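upload.pdb follows; it contains PDB, C-alpha atoms.
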```pdb
ATOM      1  CA  GLY A 132     114.880 -36.033  87.749  1.00  0.00           C
ATOM      2  CA  GLU A 133     115.550 -35.090  84.124  1.00  0.00           C
ATOM      3  CA  SER A 134     118.360 -36.575  82.084  1.00  0.00           C
ATOM      4  CA  VAL A 135     119.465 -36.557  78.499  1.00  0.00           C
ATOM      5  CA  GLY A 136     120.353 -40.043  77.388  1.00  0.00           C
ATOM      6  CA  LEU A 137     121.827 -41.307  74.168  1.00  0.00           C
ATOM      7  CA  HIS A 138     118.473 -41.024  72.477  1.00  0.00           C
ATOM      8  CA  LEU A 139     115.421 -39.403  74.028  1.00  0.00           C
ATOM      9  CA  PRO A 140     115.564 -37.085  77.029  1.00  0.00           C
ATOM     10  CA  THR A 141     113.802 -38.805  79.906  1.00  0.00           C
ATOM     11  CA  LEU A 142     111.897 -37.457  82.881  1.00  0.00           C
ATOM     12  CA  SER A 143     111.155 -39.870  85.723  1.00  0.00           C
ATOM     13  CA  VAL A 144     108.581 -38.908  88.360  1.00  0.00           C
ATOM     14  CA  GLN A 145     106.579 -40.539  91.112  1.00  0.00           C
ATOM     15  CA  GLU A 146     102.846 -40.963  90.781  1.00  0.00           C
ATOM     16  CA  GLY A 147     101.089 -37.920  92.202  1.00  0.00           C
ATOM     17  CA  ASP A 148     103.975 -35.544  91.555  1.00  0.00           C
ATOM     18  CA  ASN A 149     103.720 -32.643  89.134  1.00  0.00           C
ATOM     19  CA  SER A 150     105.700 -33.003  85.915  1.00  0.00           C
ATOM     20  CA  ILE A 151     107.256 -30.274  83.830  1.00  0.00           C
ATOM     21  CA  ILE A 152     108.399 -31.031  80.297  1.00  0.00           C
ATOM     22  CA  ASN A 153     110.390 -28.382  78.478  1.00  0.00           C
ATOM     23  CA  CYS A 154     110.818 -27.599  74.816  1.00  0.00           C
ATOM     24  CA  ALA A 155     112.893 -25.073  72.902  1.00  0.00           C
ATOM     25  CA  TYR A 156     111.505 -24.102  69.526  1.00  0.00           C
ATOM     26  CA  SER A 157     113.508 -22.803  66.621  1.00  0.00           C
ATOM     27  CA  ASN A 158     111.518 -20.314  64.544  1.00  0.00           C
ATOM     28  CA  SER A 159     110.876 -16.925  66.123  1.00  0.00           C
ATOM     29  CA  ALA A 160     108.099 -16.366  63.557  1.00  0.00           C
ATOM     30  CA  SER A 161     106.113 -19.400  64.761  1.00  0.00           C
ATOM     31  CA  ASP A 162     102.839 -18.314  66.292  1.00  0.00           C
ATOM     32  CA  TYR A 163     100.994 -21.529  67.072  1.00  0.00           C
ATOM     33  CA  PHE A 164     102.267 -24.306  69.309  1.00  0.00           C
ATOM     34  CA  ILE A 165     100.950 -27.744  70.110  1.00  0.00           C
ATOM     35  CA  TRP A 166     101.813 -30.448  72.616  1.00  0.00           C
ATOM     36  CA  TYR A 167     101.301 -34.075  71.612  1.00  0.00           C
ATOM     37  CA  LYS A 168     101.428 -37.286  73.643  1.00  0.00           C
ATOM     38  CA  GLN A 169     102.579 -40.466  71.946  1.00  0.00           C
ATOM     39  CA  GLU A 170     102.094 -43.792  73.665  1.00  0.00           C
ATOM     40  CA  SER A 171     103.964 -46.862  72.548  1.00  0.00           C
ATOM     41  CA  GLY A 172     102.583 -48.242  69.298  1.00  0.00           C
ATOM     42  CA  LYS A 173     100.270 -45.296  68.695  1.00  0.00           C
ATOM     43  CA  GLY A 174     100.268 -42.066  66.749  1.00  0.00           C
ATOM     44  CA  PRO A 175     100.679 -38.675  68.447  1.00  0.00           C
ATOM     45  CA  GLN A 176      97.602 -37.464  70.301  1.00  0.00           C
ATOM     46  CA  PHE A 177      96.752 -33.762  70.655  1.00  0.00           C
ATOM     47  CA  ILE A 178      96.935 -32.549  74.274  1.00  0.00           C
ATOM     48  CA  ILE A 179      96.806 -28.765  74.277  1.00  0.00           C
ATOM     49  CA  ASP A 180      97.717 -25.816  72.094  1.00  0.00           C
ATOM     50  CA  ILE A 181      98.611 -22.165  72.556  1.00  0.00           C
ATOM     51  CA  ARG A 182      98.886 -19.150  70.301  1.00  0.00           C
ATOM     52  CA  SER A 183     101.664 -16.608  70.490  1.00  0.00           C
ATOM     53  CA  ASN A 184      99.344 -13.889  71.824  1.00  0.00           C
ATOM     54  CA  MET A 185      99.055 -15.882  75.062  1.00  0.00           C
ATOM     55  CA  ASP A 186     101.673 -16.927  77.586  1.00  0.00           C
ATOM     56  CA  LYS A 187      99.640 -19.495  79.495  1.00  0.00           C
ATOM     57  CA  ARG A 188      96.797 -21.845  78.759  1.00  0.00           C
ATOM     58  CA  GLN A 189      95.200 -24.433  81.015  1.00  0.00           C
ATOM     59  CA  GLY A 190      93.437 -27.653  80.266  1.00  0.00           C
ATOM     60  CA  GLN A 191      92.388 -30.584  82.364  1.00  0.00           C
ATOM     61  CA  ARG A 192      95.442 -31.332  84.567  1.00  0.00           C
ATOM     62  CA  VAL A 193      97.719 -29.743  81.961  1.00  0.00           C
ATOM     63  CA  THR A 194      99.089 -26.231  81.565  1.00  0.00           C
ATOM     64  CA  VAL A 195     101.198 -24.901  78.737  1.00  0.00           C
ATOM     65  CA  LEU A 196     103.486 -21.915  79.242  1.00  0.00           C
ATOM     66  CA  LEU A 197     105.013 -19.948  76.375  1.00  0.00           C
ATOM     67  CA  ASN A 198     108.010 -17.651  76.648  1.00  0.00           C
ATOM     68  CA  LYS A 199     108.531 -16.031  73.257  1.00  0.00           C
ATOM     69  CA  THR A 200     111.548 -14.051  74.423  1.00  0.00           C
ATOM     70  CA  VAL A 201     113.627 -17.179  74.804  1.00  0.00           C
ATOM     71  CA  LYS A 202     111.604 -19.376  72.421  1.00  0.00           C
ATOM     72  CA  HIS A 203     110.615 -21.802  75.153  1.00  0.00           C
ATOM     73  CA  LEU A 204     107.526 -23.893  75.827  1.00  0.00           C
ATOM     74  CA  SER A 205     106.710 -26.008  78.823  1.00  0.00           C
ATOM     75  CA  LEU A 206     104.011 -28.532  79.576  1.00  0.00           C
ATOM     76  CA  GLN A 207     103.000 -28.982  83.189  1.00  0.00           C
ATOM     77  CA  ILE A 208     101.070 -32.077  84.191  1.00  0.00           C
ATOM     78  CA  ALA A 209      99.463 -31.983  87.618  1.00  0.00           C
ATOM     79  CA  ALA A 210      99.164 -35.095  89.786  1.00  0.00           C
ATOM     80  CA  THR A 211     100.923 -37.281  87.253  1.00  0.00           C
ATOM     81  CA  GLN A 212      99.452 -40.747  86.793  1.00  0.00           C
ATOM     82  CA  PRO A 213     100.950 -43.964  85.393  1.00  0.00           C
ATOM     83  CA  GLY A 214      98.736 -43.481  82.321  1.00  0.00           C
ATOM     84  CA  ASP A 215     100.643 -40.287  81.578  1.00  0.00           C
ATOM     85  CA  SER A 216     103.754 -42.346  80.775  1.00  0.00           C
ATOM     86  CA  ALA A 217     104.501 -41.620  77.116  1.00  0.00           C
ATOM     87  CA  VAL A 218     106.697 -39.546  74.843  1.00  0.00           C
ATOM     88  CA  TYR A 219     105.703 -35.895  74.678  1.00  0.00           C
ATOM     89  CA  PHE A 220     106.397 -33.701  71.653  1.00  0.00           C
ATOM     90  CA  CYS A 221     106.063 -30.006  71.189  1.00  0.00           C
ATOM     91  CA  ALA A 222     105.370 -28.704  67.690  1.00  0.00           C
ATOM     92  CA  GLU A 223     105.548 -25.198  66.224  1.00  0.00           C
ATOM     93  CA  THR A 224     103.838 -23.811  63.178  1.00  0.00           C
ATOM     94  CA  LEU A 225     102.788 -20.667  61.407  1.00  0.00           C
ATOM     95  CA  SER A 226      99.078 -19.996  61.355  1.00  0.00           C
ATOM     96  CA  GLY A 227      97.577 -18.507  58.226  1.00  0.00           C
ATOM     97  CA  GLY A 228      99.609 -20.843  56.067  1.00  0.00           C
ATOM     98  CA  SER A 229      99.512 -24.565  55.517  1.00  0.00           C
ATOM     99  CA  TYR A 230      99.619 -25.329  59.244  1.00  0.00           C
ATOM    100  CA  ILE A 231     102.499 -27.737  58.832  1.00  0.00           C
ATOM    101  CA  PRO A 232     103.956 -28.352  62.291  1.00  0.00           C
ATOM    102  CA  THR A 233     107.638 -28.859  62.968  1.00  0.00           C
ATOM    103  CA  PHE A 234     108.124 -31.337  65.781  1.00  0.00           C
ATOM    104  CA  GLY A 235     110.738 -31.257  68.474  1.00  0.00           C
ATOM    105  CA  ARG A 236     112.686 -34.321  69.465  1.00  0.00           C
ATOM    106  CA  GLY A 237     110.432 -35.408  72.300  1.00  0.00           C
ATOM    107  CA  THR A 238     110.759 -36.221  75.988  1.00  0.00           C
ATOM    108  CA  SER A 239     109.999 -39.587  77.484  1.00  0.00           C
ATOM    109  CA  LEU A 240     107.959 -39.322  80.695  1.00  0.00           C
ATOM    110  CA  ILE A 241     108.129 -42.316  83.029  1.00  0.00           C
ATOM    111  CA  VAL A 242     105.720 -42.344  85.963  1.00  0.00           C
ATOM    112  CA  HIS A 243     106.559 -44.731  88.793  1.00  0.00           C
ATOM    113  CA  PRO A 244     103.644 -46.030  90.875  1.00  0.00           C
TER     114      PRO A 244
ATOM    115  CA  GLU B 176      90.429 -43.051  68.761  1.00  0.00           C
ATOM    116  CA  THR B 177      90.968 -40.344  66.152  1.00  0.00           C
ATOM    117  CA  GLY B 178      89.014 -41.903  63.306  1.00  0.00           C
ATOM    118  CA  VAL B 179      92.157 -41.975  61.159  1.00  0.00           C
ATOM    119  CA  THR B 180      93.127 -45.458  60.047  1.00  0.00           C
ATOM    120  CA  GLN B 181      96.245 -46.720  58.321  1.00  0.00           C
ATOM    121  CA  SER B 182      97.158 -49.946  56.590  1.00  0.00           C
ATOM    122  CA  PRO B 183      99.067 -52.118  56.869  1.00  0.00           C
ATOM    123  CA  THR B 184     100.159 -51.890  60.501  1.00  0.00           C
ATOM    124  CA  HIS B 185     103.522 -53.516  59.826  1.00  0.00           C
ATOM    125  CA  LEU B 186     105.492 -54.209  56.674  1.00  0.00           C
ATOM    126  CA  ILE B 187     108.841 -55.756  55.814  1.00  0.00           C
ATOM    127  CA  LYS B 188     110.503 -54.971  52.493  1.00  0.00           C
ATOM    128  CA  THR B 189     113.968 -55.354  50.996  1.00  0.00           C
ATOM    129  CA  ARG B 190     116.203 -52.680  49.564  1.00  0.00           C
ATOM    130  CA  GLY B 191     115.203 -51.528  46.095  1.00  0.00           C
ATOM    131  CA  GLN B 192     111.582 -52.567  46.434  1.00  0.00           C
ATOM    132  CA  GLN B 193     108.585 -50.253  46.288  1.00  0.00           C
ATOM    133  CA  VAL B 194     105.914 -49.804  48.946  1.00  0.00           C
ATOM    134  CA  THR B 195     102.450 -48.260  49.134  1.00  0.00           C
ATOM    135  CA  LEU B 196     100.975 -47.194  52.457  1.00  0.00           C
ATOM    136  CA  ARG B 197      97.345 -46.196  52.878  1.00  0.00           C
ATOM    137  CA  CYS B 198      95.466 -43.775  55.053  1.00  0.00           C
ATOM    138  CA  SER B 199      91.772 -43.215  55.581  1.00  0.00           C
ATOM    139  CA  SER B 200      91.134 -39.778  57.029  1.00  0.00           C
ATOM    140  CA  GLN B 201      88.584 -38.757  59.595  1.00  0.00           C
ATOM    141  CA  SER B 202      85.155 -38.060  58.137  1.00  0.00           C
ATOM    142  CA  GLY B 203      84.917 -34.514  56.796  1.00  0.00           C
ATOM    143  CA  HIS B 204      88.668 -33.922  56.764  1.00  0.00           C
ATOM    144  CA  ASN B 205      89.940 -32.776  53.368  1.00  0.00           C
ATOM    145  CA  THR B 206      93.608 -32.339  54.258  1.00  0.00           C
ATOM    146  CA  VAL B 207      96.020 -35.198  54.827  1.00  0.00           C
ATOM    147  CA  SER B 208      99.671 -34.998  55.830  1.00  0.00           C
ATOM    148  CA  TRP B 209     102.272 -37.748  55.922  1.00  0.00           C
ATOM    149  CA  TYR B 210     105.173 -37.952  58.348  1.00  0.00           C
ATOM    150  CA  GLN B 211     108.189 -40.194  58.810  1.00  0.00           C
ATOM    151  CA  GLN B 212     109.180 -40.950  62.379  1.00  0.00           C
ATOM    152  CA  ALA B 213     112.521 -42.629  62.943  1.00  0.00           C
ATOM    153  CA  LEU B 214     113.134 -44.386  66.243  1.00  0.00           C
ATOM    154  CA  GLY B 215     113.731 -41.884  69.034  1.00  0.00           C
ATOM    155  CA  GLN B 216     112.883 -38.883  66.869  1.00  0.00           C
ATOM    156  CA  GLY B 217     109.931 -36.606  66.306  1.00  0.00           C
ATOM    157  CA  PRO B 218     107.780 -36.948  63.189  1.00  0.00           C
ATOM    158  CA  GLN B 219     109.306 -35.360  60.071  1.00  0.00           C
ATOM    159  CA  PHE B 220     106.910 -33.822  57.550  1.00  0.00           C
ATOM    160  CA  ILE B 221     106.931 -35.520  54.126  1.00  0.00           C
ATOM    161  CA  PHE B 222     104.071 -33.808  52.285  1.00  0.00           C
ATOM    162  CA  GLN B 223     100.505 -32.612  52.554  1.00  0.00           C
ATOM    163  CA  TYR B 224      97.484 -32.990  50.272  1.00  0.00           C
ATOM    164  CA  TYR B 225      94.481 -30.730  50.146  1.00  0.00           C
ATOM    165  CA  ARG B 226      91.567 -31.665  47.908  1.00  0.00           C
ATOM    166  CA  GLU B 227      93.709 -34.075  45.866  1.00  0.00           C
ATOM    167  CA  GLU B 228      96.535 -31.579  45.266  1.00  0.00           C
ATOM    168  CA  GLU B 229      99.932 -31.566  46.977  1.00  0.00           C
ATOM    169  CA  ASN B 230     100.231 -28.220  48.752  1.00  0.00           C
ATOM    170  CA  GLY B 231     103.329 -28.633  50.862  1.00  0.00           C
ATOM    171  CA  ARG B 232     106.426 -30.811  50.837  1.00  0.00           C
ATOM    172  CA  GLY B 233     109.228 -31.418  53.281  1.00  0.00           C
ATOM    173  CA  ASN B 234     112.841 -32.313  52.606  1.00  0.00           C
ATOM    174  CA  PHE B 235     112.269 -35.738  51.073  1.00  0.00           C
ATOM    175  CA  PRO B 236     113.476 -36.984  47.663  1.00  0.00           C
ATOM    176  CA  PRO B 237     111.114 -37.484  44.699  1.00  0.00           C
ATOM    177  CA  ARG B 238     111.006 -41.232  45.273  1.00  0.00           C
ATOM    178  CA  PHE B 239     108.534 -40.341  48.035  1.00  0.00           C
ATOM    179  CA  SER B 240     105.260 -39.594  46.291  1.00  0.00           C
ATOM    180  CA  GLY B 241     101.615 -39.509  47.210  1.00  0.00           C
ATOM    181  CA  LEU B 242      98.040 -39.392  46.102  1.00  0.00           C
ATOM    182  CA  GLN B 243      94.799 -38.172  47.580  1.00  0.00           C
ATOM    183  CA  PHE B 244      91.511 -39.546  46.314  1.00  0.00           C
ATOM    184  CA  PRO B 245      88.101 -37.862  45.949  1.00  0.00           C
ATOM    185  CA  ASN B 246      87.004 -39.400  49.252  1.00  0.00           C
ATOM    186  CA  TYR B 247      90.120 -37.761  50.812  1.00  0.00           C
ATOM    187  CA  SER B 248      91.833 -41.052  51.594  1.00  0.00           C
ATOM    188  CA  SER B 249      95.492 -41.028  50.707  1.00  0.00           C
ATOM    189  CA  GLU B 250      98.470 -43.136  49.699  1.00  0.00           C
ATOM    190  CA  LEU B 251     102.175 -42.743  50.314  1.00  0.00           C
ATOM    191  CA  ASN B 252     104.434 -44.450  47.766  1.00  0.00           C
ATOM    192  CA  VAL B 253     108.125 -44.974  48.263  1.00  0.00           C
ATOM    193  CA  ASN B 254     110.259 -46.275  45.398  1.00  0.00           C
ATOM    194  CA  ALA B 255     113.743 -47.776  45.503  1.00  0.00           C
ATOM    195  CA  LEU B 256     113.596 -48.419  49.230  1.00  0.00           C
ATOM    196  CA  GLU B 257     116.722 -47.789  51.278  1.00  0.00           C
ATOM    197  CA  LEU B 258     117.645 -49.146  54.705  1.00  0.00           C
ATOM    198  CA  ASP B 259     117.203 -45.645  56.201  1.00  0.00           C
ATOM    199  CA  ASP B 260     113.567 -45.650  55.101  1.00  0.00           C
ATOM    200  CA  SER B 261     112.851 -47.975  58.015  1.00  0.00           C
ATOM    201  CA  ALA B 262     110.563 -45.939  60.253  1.00  0.00           C
ATOM    202  CA  LEU B 263     107.028 -45.398  61.486  1.00  0.00           C
ATOM    203  CA  TYR B 264     104.963 -43.640  58.808  1.00  0.00           C
ATOM    204  CA  LEU B 265     102.154 -41.527  60.159  1.00  0.00           C
ATOM    205  CA  CYS B 266      99.307 -39.825  58.435  1.00  0.00           C
ATOM    206  CA  ALA B 267      97.255 -37.049  59.958  1.00  0.00           C
ATOM    207  CA  SER B 268      94.058 -35.443  58.782  1.00  0.00           C
ATOM    208  CA  ARG B 269      92.248 -32.176  59.430  1.00  0.00           C
ATOM    209  CA  THR B 270      89.870 -29.774  57.765  1.00  0.00           C
ATOM    210  CA  GLY B 271      91.523 -27.163  55.564  1.00  0.00           C
ATOM    211  CA  ASN B 272      90.754 -24.234  57.839  1.00  0.00           C
ATOM    212  CA  GLN B 273      91.625 -25.818  61.167  1.00  0.00           C
ATOM    213  CA  GLU B 274      95.057 -26.262  62.656  1.00  0.00           C
ATOM    214  CA  THR B 275      94.438 -29.297  64.829  1.00  0.00           C
ATOM    215  CA  GLN B 276      95.290 -32.504  63.042  1.00  0.00           C
ATOM    216  CA  TYR B 277      94.502 -36.041  64.096  1.00  0.00           C
ATOM    217  CA  PHE B 278      97.016 -38.810  63.671  1.00  0.00           C
ATOM    218  CA  GLY B 279      96.521 -42.406  62.700  1.00  0.00           C
ATOM    219  CA  PRO B 280      98.354 -45.237  64.492  1.00  0.00           C
ATOM    220  CA  GLY B 281     101.040 -45.435  61.824  1.00  0.00           C
ATOM    221  CA  THR B 282     102.584 -48.115  59.639  1.00  0.00           C
ATOM    222  CA  ARG B 283     105.846 -49.605  60.858  1.00  0.00           C
ATOM    223  CA  LEU B 284     108.105 -50.208  57.821  1.00  0.00           C
ATOM    224  CA  LEU B 285     111.257 -52.287  58.070  1.00  0.00           C
ATOM    225  CA  VAL B 286     113.635 -52.339  55.109  1.00  0.00           C
ATOM    226  CA  LEU B 287     116.151 -55.193  55.080  1.00  0.00           C
TER     227      LEU B 287
END
```
Write out the structure in this file as structure tokens.
Amino acid sequence: GESVGLHLPTLSVQEGDNSIINCAYSNSASDYFIWYKQESGKGPQFIIDIRSNMDKRQGQRVTVLLNKTVKHLSLQIAATQPGDSAVYFCAETLSGGSYIPTFGRGTSLIVHP
Amino acid sequence: ETGVTQSPTHLIKTRGQQVTLRCSSQSGHNTVSWYQQALGQGPQFIFQYYREEENGRGNFPPRFSGLQFPNYSSELNVNALELDDSALYLCASRTGNQETQYFGPGTRLLVL
């Protein structure tokens, strides 16, 4: 299940389950959104992006959904694997400018074998 | 691997000291951004350089400064270190007309 601890929100799932990580963004003018995965001791790694003219985009085992009405993003990971264990960040930005993303707080995904 | 490298990997300094962190961007990338990531938080934007000029800055004091060199590598300098400067410092590079940026592994700075 999902819980909000003292620090990072944490989502614990069993291997093979589907995972859904949620993110609320702050700027209604943002039109480009990115999900990053950060493993321990590493920098953030690009997973998937979506523009505001879309509400869904699919990649390999990942799907991003965008709801502009409520300023909400979600990342769905199908058939979650232990290697998916990491902290996941959403980021928002304005295209056509300096492309400087604002990161959310992050969610820690723990996959149990 | 992203092709973005940072040095050193870890660093310990004391309050009041100065530090220089280095970043080598991915080949062909002319834009470098620096971020500070405190434990349990998302990366916070410090500043961005495009072709050796700063073209964006976050909410950080002037004691955080940077440089970008003709080969597009970059430095982050922090003067008068404070305990709260302890964090992971990340750099990310991209081409000027693309949105996707690639992060290095970061430098872990501890200020005692």
Each residue of chain A lying at most 12 Å from chain B should get a row with its shortest atom-to-atom pair and the distance in Å to one decimal, counting all atoms listed in the file; could you produce that, ordered by chain and increasing number, as a tab-separated table?
```
residue	atom	partner	partner_atom	distance
A:Gly136	CA	B:Gly215	CA	10.8
A:Leu137	CA	B:Gly215	CA	9.6
A:His138	CA	B:Gly215	CA	5.9
A:Leu139	CA	B:Gly215	CA	5.8
A:Pro140	CA	B:Gly215	CA	9.5
A:Thr141	CA	B:Gly215	CA	11.3
A:Asp162	CA	B:Glu274	CA	11.7
A:Tyr163	CA	B:Glu274	CA	8.8
A:Phe164	CA	B:Glu274	CA	10.0
A:Ile165	CA	B:Thr275	CA	8.5
A:Trp166	CA	B:Thr275	CA	10.8
A:Tyr167	CA	B:Phe278	CA	10.2
A:Lys168	CA	B:Phe278	CA	11.0
A:Gln169	CA	B:Pro280	CA	9.8
A:Glu170	CA	B:Pro280	CA	10.0
A:Ser171	CA	B:Pro280	CA	10.0
A:Gly172	CA	B:Pro280	CA	7.1
A:Lys173	CA	B:Pro280	CA	4.6
A:Gly174	CA	B:Pro280	CA	4.3
A:Pro175	CA	B:Phe278	CA	6.0
A:Gln176	CA	B:Phe278	CA	6.8
A:Phe177	CA	B:Tyr277	CA	7.3
A:Ile178	CA	B:Thr275	CA	10.3
A:Ile179	CA	B:Thr275	CA	9.8
A:Asp180	CA	B:Thr275	CA	8.7
A:Ile181	CA	B:Glu274	CA	11.3
A:Arg182	CA	B:Glu274	CA	11.1
A:Val218	CA	B:Gly215	CA	9.4
A:Tyr219	CA	B:Gly217	CA	9.4
A:Phe220	CA	B:Gly217	CA	7.0
A:Cys221	CA	B:Gly217	CA	9.1
A:Ala222	CA	B:Gly217	CA	9.2
A:Glu223	CA	B:Glu274	CA	11.1
A:Thr224	CA	B:Glu274	CA	9.1
A:Leu225	CA	B:Glu274	CA	9.6
A:Ser226	CA	B:Glu274	CA	7.6
A:Gly227	CA	B:Asn272	CA	8.9
A:Gly228	CA	B:Asn272	CA	9.6
A:Ser229	CA	B:Gly231	CA	7.3
A:Tyr230	CA	B:Glu274	CA	5.8
A:Ile231	CA	B:Phe220	CA	7.6
A:Pro232	CA	B:Phe220	CA	7.8
A:Thr233	CA	B:Gln219	CA	7.3
A:Phe234	CA	B:Gly217	CA	5.6
A:Gly235	CA	B:Gly217	CA	5.8
A:Arg236	CA	B:Gly217	CA	4.8
A:Gly237	CA	B:Gly217	CA	6.1
A:Thr238	CA	B:Gly215	CA	9.4
A:Ser239	CA	B:Gly215	CA	9.5
```
Please produce a file of those selected residues containing C-alpha atoms, as a PDB file, keeping the file's coordinate frame.
```
ATOM      1  CA  GLY A 136     120.353 -40.043  77.388  1.00  0.00           C
ATOM      2  CA  LEU A 137     121.827 -41.307  74.168  1.00  0.00           C
ATOM      3  CA  HIS A 138     118.473 -41.024  72.477  1.00  0.00           C
ATOM      4  CA  LEU A 139     115.421 -39.403  74.028  1.00  0.00           C
ATOM      5  CA  PRO A 140     115.564 -37.085  77.029  1.00  0.00           C
ATOM      6  CA  THR A 141     113.802 -38.805  79.906  1.00  0.00           C
ATOM      7  CA  ASP A 162     102.839 -18.314  66.292  1.00  0.00           C
ATOM      8  CA  TYR A 163     100.994 -21.529  67.072  1.00  0.00           C
ATOM      9  CA  PHE A 164     102.267 -24.306  69.309  1.00  0.00           C
ATOM     10  CA  ILE A 165     100.950 -27.744  70.110  1.00  0.00           C
ATOM     11  CA  TRP A 166     101.813 -30.448  72.616  1.00  0.00           C
ATOM     12  CA  TYR A 167     101.301 -34.075  71.612  1.00  0.00           C
ATOM     13  CA  LYS A 168     101.428 -37.286  73.643  1.00  0.00           C
ATOM     14  CA  GLN A 169     102.579 -40.466  71.946  1.00  0.00           C
ATOM     15  CA  GLU A 170     102.094 -43.792  73.665  1.00  0.00           C
ATOM     16  CA  SER A 171     103.964 -46.862  72.548  1.00  0.00           C
ATOM     17  CA  GLY A 172     102.583 -48.242  69.298  1.00  0.00           C
ATOM     18  CA  LYS A 173     100.270 -45.296  68.695  1.00  0.00           C
ATOM     19  CA  GLY A 174     100.268 -42.066  66.749  1.00  0.00           C
ATOM     20  CA  PRO A 175     100.679 -38.675  68.447  1.00  0.00           C
ATOM     21  CA  GLN A 176      97.602 -37.464  70.301  1.00  0.00           C
ATOM     22  CA  PHE A 177      96.752 -33.762  70.655  1.00  0.00           C
ATOM     23  CA  ILE A 178      96.935 -32.549  74.274  1.00  0.00           C
ATOM     24  CA  ILE A 179      96.806 -28.765  74.277  1.00  0.00           C
ATOM     25  CA  ASP A 180      97.717 -25.816  72.094  1.00  0.00           C
ATOM     26  CA  ILE A 181      98.611 -22.165  72.556  1.00  0.00           C
ATOM     27  CA  ARG A 182      98.886 -19.150  70.301  1.00  0.00           C
ATOM     28  CA  VAL A 218     106.697 -39.546  74.843  1.00  0.00           C
ATOM     29  CA  TYR A 219     105.703 -35.895  74.678  1.00  0.00           C
ATOM     30  CA  PHE A 220     106.397 -33.701  71.653  1.00  0.00           C
ATOM     31  CA  CYS A 221     106.063 -30.006  71.189  1.00  0.00           C
ATOM     32  CA  ALA A 222     105.370 -28.704  67.690  1.00  0.00           C
ATOM     33  CA  GLU A 223     105.548 -25.198  66.224  1.00  0.00           C
ATOM     34  CA  THR A 224     103.838 -23.811  63.178  1.00  0.00           C
ATOM     35  CA  LEU A 225     102.788 -20.667  61.407  1.00  0.00           C
ATOM     36  CA  SER A 226      99.078 -19.996  61.355  1.00  0.00           C
ATOM     37  CA  GLY A 227      97.577 -18.507  58.226  1.00  0.00           C
ATOM     38  CA  GLY A 228      99.609 -20.843  56.067  1.00  0.00           C
ATOM     39  CA  SER A 229      99.512 -24.565  55.517  1.00  0.00           C
ATOM     40  CA  TYR A 230      99.619 -25.329  59.244  1.00  0.00           C
ATOM     41  CA  ILE A 231     102.499 -27.737  58.832  1.00  0.00           C
ATOM     42  CA  PRO A 232     103.956 -28.352  62.291  1.00  0.00           C
ATOM     43  CA  THR A 233     107.638 -28.859  62.968  1.00  0.00           C
ATOM     44  CA  PHE A 234     108.124 -31.337  65.781  1.00  0.00           C
ATOM     45  CA  GLY A 235     110.738 -31.257  68.474  1.00  0.00           C
ATOM     46  CA  ARG A 236     112.686 -34.321  69.465  1.00  0.00           C
ATOM     47  CA  GLY A 237     110.432 -35.408  72.300  1.00  0.00           C
ATOM     48  CA  THR A 238     110.759 -36.221  75.988  1.00  0.00           C
ATOM     49  CA  SER A 239     109.999 -39.587  77.484  1.00  0.00           C
TER      50      SER A 239
END
```
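Near Cys198 (chain B), within a cut-off of 6 Å and counting only C-alpha atoms, sit the residues B:Thr180, B:Gln181, B:Ser248, B:Ser249, with same-chain residues fewer than 5 positions away left out.
The space separating CA of Ser199 (chain B) from CA of Ile187 (chain B) comes to 21.2 Å.
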Using all atoms listed in the file, which residue out of B:Leu284, B:Gln211, B:Thr195, B:Glu257 lies closest to Phe235 (chain B)?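 Of all the options, B:Gln211 lies closest to Phe235 (chain B).
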Do you know which residues are at most 10 Å from Lys188 (chain B) counting only C-alpha atoms, after dropping those on the same chain fewer than 3 positions away, and could you put them as a ChimeraX atom specification? /B:191-194,256-258,261,284-287
With 5 Å of padding per side, what axis-aligned box (centre and edge lengths, Å, one decimal) covers all the listed atoms of region 223-241 of chain A? Give it as JSON.
```
{"center_x": 105.1, "center_y": -30.4, "center_z": 69.3, "size_x": 25.1, "size_y": 33.8, "size_z": 37.5}
```
Taking (107.3, -43.0, 87.7) in the file's own coordinates, collect the residues within 6 Å, counting only C-alpha atoms, and hand them back as an NGL selection string. :A and (143-146 or 241-244)
Please rebuild region 151-158 of chain A with N, CA and C atoms and return the result as a PDB file, in the frame of the given file.
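Output saved as part_13.pdb:
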```pdb
ATOM      1  N   ILE A 151     107.035 -31.408  84.736  1.00  0.00           N
ATOM      2  CA  ILE A 151     107.256 -30.274  83.830  1.00  0.00           C
ATOM      3  C   ILE A 151     108.158 -30.737  82.694  1.00  0.00           C
ATOM      4  N   ILE A 152     107.651 -30.639  81.494  1.00  0.00           N
ATOM      5  CA  ILE A 152     108.399 -31.031  80.297  1.00  0.00           C
ATOM      6  C   ILE A 152     108.698 -29.767  79.504  1.00  0.00           C
ATOM      7  N   ASN A 153     109.949 -29.602  79.144  1.00  0.00           N
ATOM      8  CA  ASN A 153     110.390 -28.382  78.478  1.00  0.00           C
ATOM      9  C   ASN A 153     110.680 -28.604  77.003  1.00  0.00           C
ATOM     10  N   CYS A 154     110.577 -27.525  76.256  1.00  0.00           N
ATOM     11  CA  CYS A 154     110.818 -27.599  74.816  1.00  0.00           C
ATOM     12  C   CYS A 154     111.330 -26.249  74.334  1.00  0.00           C
ATOM     13  N   ALA A 155     112.402 -26.284  73.551  1.00  0.00           N
ATOM     14  CA  ALA A 155     112.893 -25.073  72.902  1.00  0.00           C
ATOM     15  C   ALA A 155     112.499 -25.137  71.438  1.00  0.00           C
ATOM     16  N   TYR A 156     111.862 -24.082  70.936  1.00  0.00           N
ATOM     17  CA  TYR A 156     111.505 -24.102  69.526  1.00  0.00           C
ATOM     18  C   TYR A 156     112.458 -23.226  68.735  1.00  0.00           C
ATOM     19  N   SER A 157     112.424 -23.372  67.420  1.00  0.00           N
ATOM     20  CA  SER A 157     113.508 -22.803  66.621  1.00  0.00           C
ATOM     21  C   SER A 157     113.145 -21.540  65.852  1.00  0.00           C
ATOM     22  N   ASN A 158     111.886 -21.400  65.449  1.00  0.00           N
ATOM     23  CA  ASN A 158     111.518 -20.314  64.544  1.00  0.00           C
ATOM     24  C   ASN A 158     110.814 -19.187  65.309  1.00  0.00           C
TER      25      ASN A 158
END
```
